[in-house]
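Report on one structure; see the data block that follows.
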Amino acid sequence: MAESWFRREFLTGRRLAFNVIFYGLHFFFFGYGWYSQAINTKLAALNGLTFSVWTSRGAGLVLAFDGGLILIPMLRNIIRILRPKLTWLFPADENIWFHRQVAYSMAFWAMVHTTAHYVNFINVERTQVRKQIALEIHYTQPGGITGHFMLLIMVLMYATAHHKIRNQCFEAFWYTHHLAFFFMIGLYTHATGCFVRDSVDPAYSPIFPFYTTDHCLGYLSWRFIIWPGIIYFGERIYREYRARRSTRLSKVLVHPSGAMELRIVKPSFKYVAGQWLFVQIPELSRWQWHPFTITSAPEDPYVSIHIRQVGDWTRALGDRLGVGPSVVANMTQAALKGTEKDDKFLKGDFVELDSSTGISLPHVRIDGPYGAPAEDVFNCEVAVLIGAGIGVTPFASILKHIWYRQKKRNIGSLRRVEFFWVCRDAPSFGWFQSLLAEVEAAQADPNFLRINIYLTQKIGEDMLWNIAVNDAGAEYDPLTLLRTRTMFGRPDWMKIYSQMGMAIDCGQYIPGSKSQLKTKVGTYFCGPSPLAKAIKEATVKNTSATVNFTFAKEHF
Amino acid sequence: MGNLVWHDFARYVSITASLYAVWSGFYGIYFRKFFWDFIGGTLRDPGGLQPAPGAAVFITLIVKNPIIQIFAMIVGLFMLALEYPLPQLKSLSIHRSFALKIVLLLFQSFLTLLFYQGTNSALWSLIAAGSYARAIILGETMEEAKDNRGKGGRA
C-alpha cells in the first residue's frame, strides 16, 4: 500500500515543517487582522457589521501577505545568488512549487475575503451606516473595482496555468500570466478607496498615496508588499538588458542522433557547470524563451546547448537550419538501428553548420544562467553522478568541467567519480555518447572515472543478436561505443551503495583513504522522483561511521 | 505555436464559475437581494434599497422565497457533476456535448445575474460558454473516457 496522498503532502519531514510555518503564519495573520479590527474603537461604526467585517479584514491581511510572497519565488536572479548559501535552509530549486502553494492559498482566502465583503456591503446598504448602496461600493469605488478585476484575472491565470493547458500551449499560459502586472497594480491600489475609515467620507488628499492615514485606517500593507513587485519589475528589466548584450550563434552541430548543438558566443555570460539558461530566437518567436541545460563547461570558449527536436519550437528551429524533422528522423532511425557503427563514428561524427556553409544562422538571445551549480562536487572525495534519461544533460557540463579541472590538476578533494546513466534507449542520445567517449579516452587513471550505463529498454531479437555478435572480444561496447560495457536492466541501488561503502571501508576504493576520519560520498541525481526516492533510501541506509553518503537532487 | 485546446480551458473556467454559482447561491439564501433593484428603487434609511413595484416578480422569487438561488445552486451542481465529471456521467455522451454545456452555462449565467452575489459567476459562465463556442467553431471534440487501467507514478 502506497502512502496516502495526505500523508505525503502534509505530514512528512520538511513538508510538515513547511506546512506548520506557512499555514501557521496564515492563521496568525488572519487572527491578527480580525482582532485588530474588532478592538479598534475608531472603527466602531464598521464593527457594527460584526463577523463579516472581522473576517474580511483578517482575510484581507492574509491576502496582502500572500501578495507579498507570490513574486518572491520568481526572483530568479536573486535566488540564483542566494541559493548556494541557503540550500541547507530550504530547497531553493522548489521555487515554482512554493509559488503554487502561495497561489492556492490566495485562491482560498480570496474566496473568504470576497464572501465577507459581499455580506459587508449588503449590510452597509441595509443599515445605512454609510449613505451608499451596495452596488456603489462594488462597482464605483476603487476597492470594489480592483477586487472584481483581480478575481477575473485570477480565473484566467489559474485556468491557463493548469499543467494540461501549459503543456499543450505554453504561450497561452505565458502571455496570460503577464496579467499579473495588472493584478499586482490592483493589489497595491486595492485600499486607495479608503473603505476602512473613521470619517464619514473618504479622507482623500492631493499628495501620494492620495488619502490621509489619519482617517484611512487600513493595514497599509502595500507599503510592505510592494517591494517584491518593484524588485521583480527591476529584475525583468535587467534580464531584458542582459539578453540584449552582444550574443552570436557561432556554430550549429547536428549530431547523428538528431540533436542540434548550438554553440553561442557571449563574452558577458558567466556560469558554472550544471546550470541552465533561457534561449530566444526572435526569428521563430519574438517573445518565447525556452529553457535548456548548458552542456559546455565554463572553461569552453562558447556556451553550448543540445536541442532535440521534440516540440513545435524546436522543430521550427530544425526547419530554419535546414535539418528539419524529416532529415533528423532518418538520422535517429539510423542511430536506433545501429547502422552508424562504423569506425569513423568513434570520433563522434556530426554535420557542422556555420556561415561558411551558406546557411545564415539566426540571431539568438540568451538569458541566464539559473539554477543548480554542482560546484560542491569538488568538496567530496567521491562523487556519484546519476542521470536518468534526458536528466543526463546537466552532467555533460559537469563531466566536461571535471575533465578540464583534471587537466589543470585542480580537482579539490575529489578522488573518484562514479557516473551512472539509467536510460531506456541509449542510442537516441548519440551526442552524449560522443562526449562520454571523449572524456573516457582522456582518462589517465583508469580508476578515476567509472562510467556505468544501464539500459532498461526491453531488447528486441535483432538487438540481441547484434550485441551477441559484436560484443564478444570487441574493444568497444556495441551500443554505446565506449570501453565501458553497457549493463541491462535496472540498477540495484542498495547493492551498489553497500558494496561501495564496504570497498571504502577496507581501503580498496580510494588508495590511502585510511588516514581520513570520514569519507564523504556525494550523490547528485537528476531524473524522475520515484527513482530519486529509491536512491535516497540507499544512501541513508548505507551511511556508516566512516562513510557519509549524501544525496542531492537537481531540478531542471 | 502551441495549440490551445479551447474546451480544456473552458472546462477549468466553467468549473470555477459553477463552484462560484453554488457558493453564491448558498449564501444568497441568507442574504437575499435582487441585483437589479436599483432600477427605479428608492433608498430608505435604514432599510436599504426598496425595489420598484415593477420588480415584484423578482422580489417574490429572490427575496421572499430564494427560488432563483436554489435553482442556481442546482444548475451549478449539475454543471460540476458534468464537468468534473461524476463517475456515473463519465461514460455518457452528454459529458462530451459542448452544446449542452453552452446552454447550461448560459442558463447559469442568466440565473446568477439576477441575484446580488452571483454577478462574477455570471461573467465567468459567459466566458466559459464563449470558450466552448470557440471549441465548436474550431471543430474540437472530446475523447471518450477510457477505462482506468491503474495508477501512474510508481517506479
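By order in the C-alpha cells, chains are A, B, ...; within a chain, residues start at 1; ligands start at 1, following the order shown.
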- Give me, as a PyMOL selection string, the contact residues of chain B against chain A at a cut-off of 10 Å, counting only C-alpha atoms. chain B and resi 1-6+8-17+20+23-24+27-28+30-33+35-36+38+43-50+116-117+119-121+123-124+127+153-155
The selected residues should be written to file as a PDB file, in the first residue's frame (atoms: C-alpha atoms).
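out20.pdb written:
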```pdb
ATOM      1  CA  MET B   1       2.804  27.958 -32.000  1.00  0.00           C
ATOM      2  CA  GLY B   2       1.322  25.787 -29.387  1.00  0.00           C
ATOM      3  CA  ASN B   3      -2.215  24.706 -29.770  1.00  0.00           C
ATOM      4  CA  LEU B   4      -4.656  25.802 -27.142  1.00  0.00           C
ATOM      5  CA  VAL B   5      -7.391  23.224 -26.756  1.00  0.00           C
ATOM      6  CA  TRP B   6     -10.274  25.563 -26.029  1.00  0.00           C
ATOM      7  CA  ASP B   8      -9.899  22.152 -21.875  1.00  0.00           C
ATOM      8  CA  PHE B   9      -9.522  25.806 -20.978  1.00  0.00           C
ATOM      9  CA  ALA B  10     -13.305  26.275 -20.947  1.00  0.00           C
ATOM     10  CA  ARG B  11     -13.647  23.355 -18.564  1.00  0.00           C
ATOM     11  CA  TYR B  12     -11.498  24.982 -15.891  1.00  0.00           C
ATOM     12  CA  VAL B  13     -13.293  28.315 -16.199  1.00  0.00           C
ATOM     13  CA  SER B  14     -16.615  26.519 -16.164  1.00  0.00           C
ATOM     14  CA  ILE B  15     -15.722  24.568 -13.028  1.00  0.00           C
ATOM     15  CA  THR B  16     -14.684  27.783 -11.291  1.00  0.00           C
ATOM     16  CA  ALA B  17     -17.829  29.616 -12.402  1.00  0.00           C
ATOM     17  CA  TYR B  20     -18.946  30.215  -7.556  1.00  0.00           C
ATOM     18  CA  TRP B  23     -21.403  29.070  -3.214  1.00  0.00           C
ATOM     19  CA  SER B  24     -23.060  32.388  -4.110  1.00  0.00           C
ATOM     20  CA  TYR B  27     -25.071  32.426   0.972  1.00  0.00           C
ATOM     21  CA  GLY B  28     -27.523  34.204  -1.270  1.00  0.00           C
ATOM     22  CA  TYR B  30     -29.098  34.026   3.849  1.00  0.00           C
ATOM     23  CA  PHE B  31     -28.568  37.497   2.384  1.00  0.00           C
ATOM     24  CA  ARG B  32     -31.301  37.861  -0.199  1.00  0.00           C
ATOM     25  CA  LYS B  33     -31.113  40.745  -2.612  1.00  0.00           C
ATOM     26  CA  PHE B  35     -29.288  42.568  -8.114  1.00  0.00           C
ATOM     27  CA  TRP B  36     -31.227  44.967 -10.355  1.00  0.00           C
ATOM     28  CA  PHE B  38     -31.526  49.917  -8.052  1.00  0.00           C
ATOM     29  CA  LEU B  43     -33.215  54.296  -0.819  1.00  0.00           C
ATOM     30  CA  ARG B  44     -34.578  54.142   2.696  1.00  0.00           C
ATOM     31  CA  ASP B  45     -32.543  54.835   5.848  1.00  0.00           C
ATOM     32  CA  PRO B  46     -32.382  52.355   7.474  1.00  0.00           C
ATOM     33  CA  GLY B  47     -33.660  49.559   5.312  1.00  0.00           C
ATOM     34  CA  GLY B  48     -31.625  49.979   2.137  1.00  0.00           C
ATOM     35  CA  LEU B  49     -32.918  49.956  -1.398  1.00  0.00           C
ATOM     36  CA  GLN B  50     -36.601  49.378  -1.869  1.00  0.00           C
ATOM     37  CA  TYR B 116     -26.730  40.110  -5.714  1.00  0.00           C
ATOM     38  CA  GLN B 117     -23.960  37.566  -5.024  1.00  0.00           C
ATOM     39  CA  THR B 119     -22.522  38.504 -10.802  1.00  0.00           C
ATOM     40  CA  ASN B 120     -18.955  37.193 -11.007  1.00  0.00           C
ATOM     41  CA  SER B 121     -20.259  33.711 -11.640  1.00  0.00           C
ATOM     42  CA  LEU B 123     -19.495  36.777 -16.084  1.00  0.00           C
ATOM     43  CA  TRP B 124     -17.249  33.732 -15.801  1.00  0.00           C
ATOM     44  CA  ILE B 127     -16.525  33.358 -20.649  1.00  0.00           C
ATOM     45  CA  GLY B 153       3.805   7.408 -10.781  1.00  0.00           C
ATOM     46  CA  ARG B 154       5.281   4.197  -9.449  1.00  0.00           C
ATOM     47  CA  ALA B 155       8.847   3.112 -10.079  1.00  0.00           C
TER      48      ALA B 155
END
```
- Message: Among region 372-441 of chain A, which residues does DSSP mark as strand (DSSP E or B) when it is run on the backbone? Keep the chain and numbering as in the structure and answer as a list in words.
- Response: Val382, Ala383, Val384, Leu385, Ile386, Gly387, Ala388, Arg416, Val417, Glu418, Phe419, Phe420, Trp421, Val422 and Cys423 of chain A
- Message: Just want the 8 Å neighbourhood of Ala52 (chain B), counted on only C-alpha atoms, with same-chain residues fewer than 3 positions away dropped. Output as a ChimeraX atom specification.
- Response: /B:37,39-42,55-56
Could you take the residues named above and write them with C-alpha atoms, as a JSON list (two decimals), in the first residue's frame?
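After the write, again.json holds the following:
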```json
[["chain", "number", "residue", "atom", "x", "y", "z"],
["B", 37, "ASP", "CA", -33.27, 46.56, -7.54],
["B", 39, "ILE", "CA", -33.53, 50.47, -11.23],
["B", 40, "GLY", "CA", -36.34, 52.68, -10.11],
["B", 41, "GLY", "CA", -35.71, 51.73, -6.49],
["B", 42, "THR", "CA", -35.80, 54.15, -3.59],
["B", 55, "ALA", "CA", -39.76, 44.18, -9.97],
["B", 56, "ALA", "CA", -42.30, 42.43, -7.76]]
```
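CA of Lys42 (chain A) to CA of Gly67 (chain A) spans 27.1 Å [interatomic distance, one decimal].
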- Query: Out of region 133-289 of chain A, which residues get alpha helix (DSSP H) from DSSP, as an MDAnalysis selection string?
  - Reply: chainID A and resid 134:140 142:161 163:168 170:176 180:188 222:244
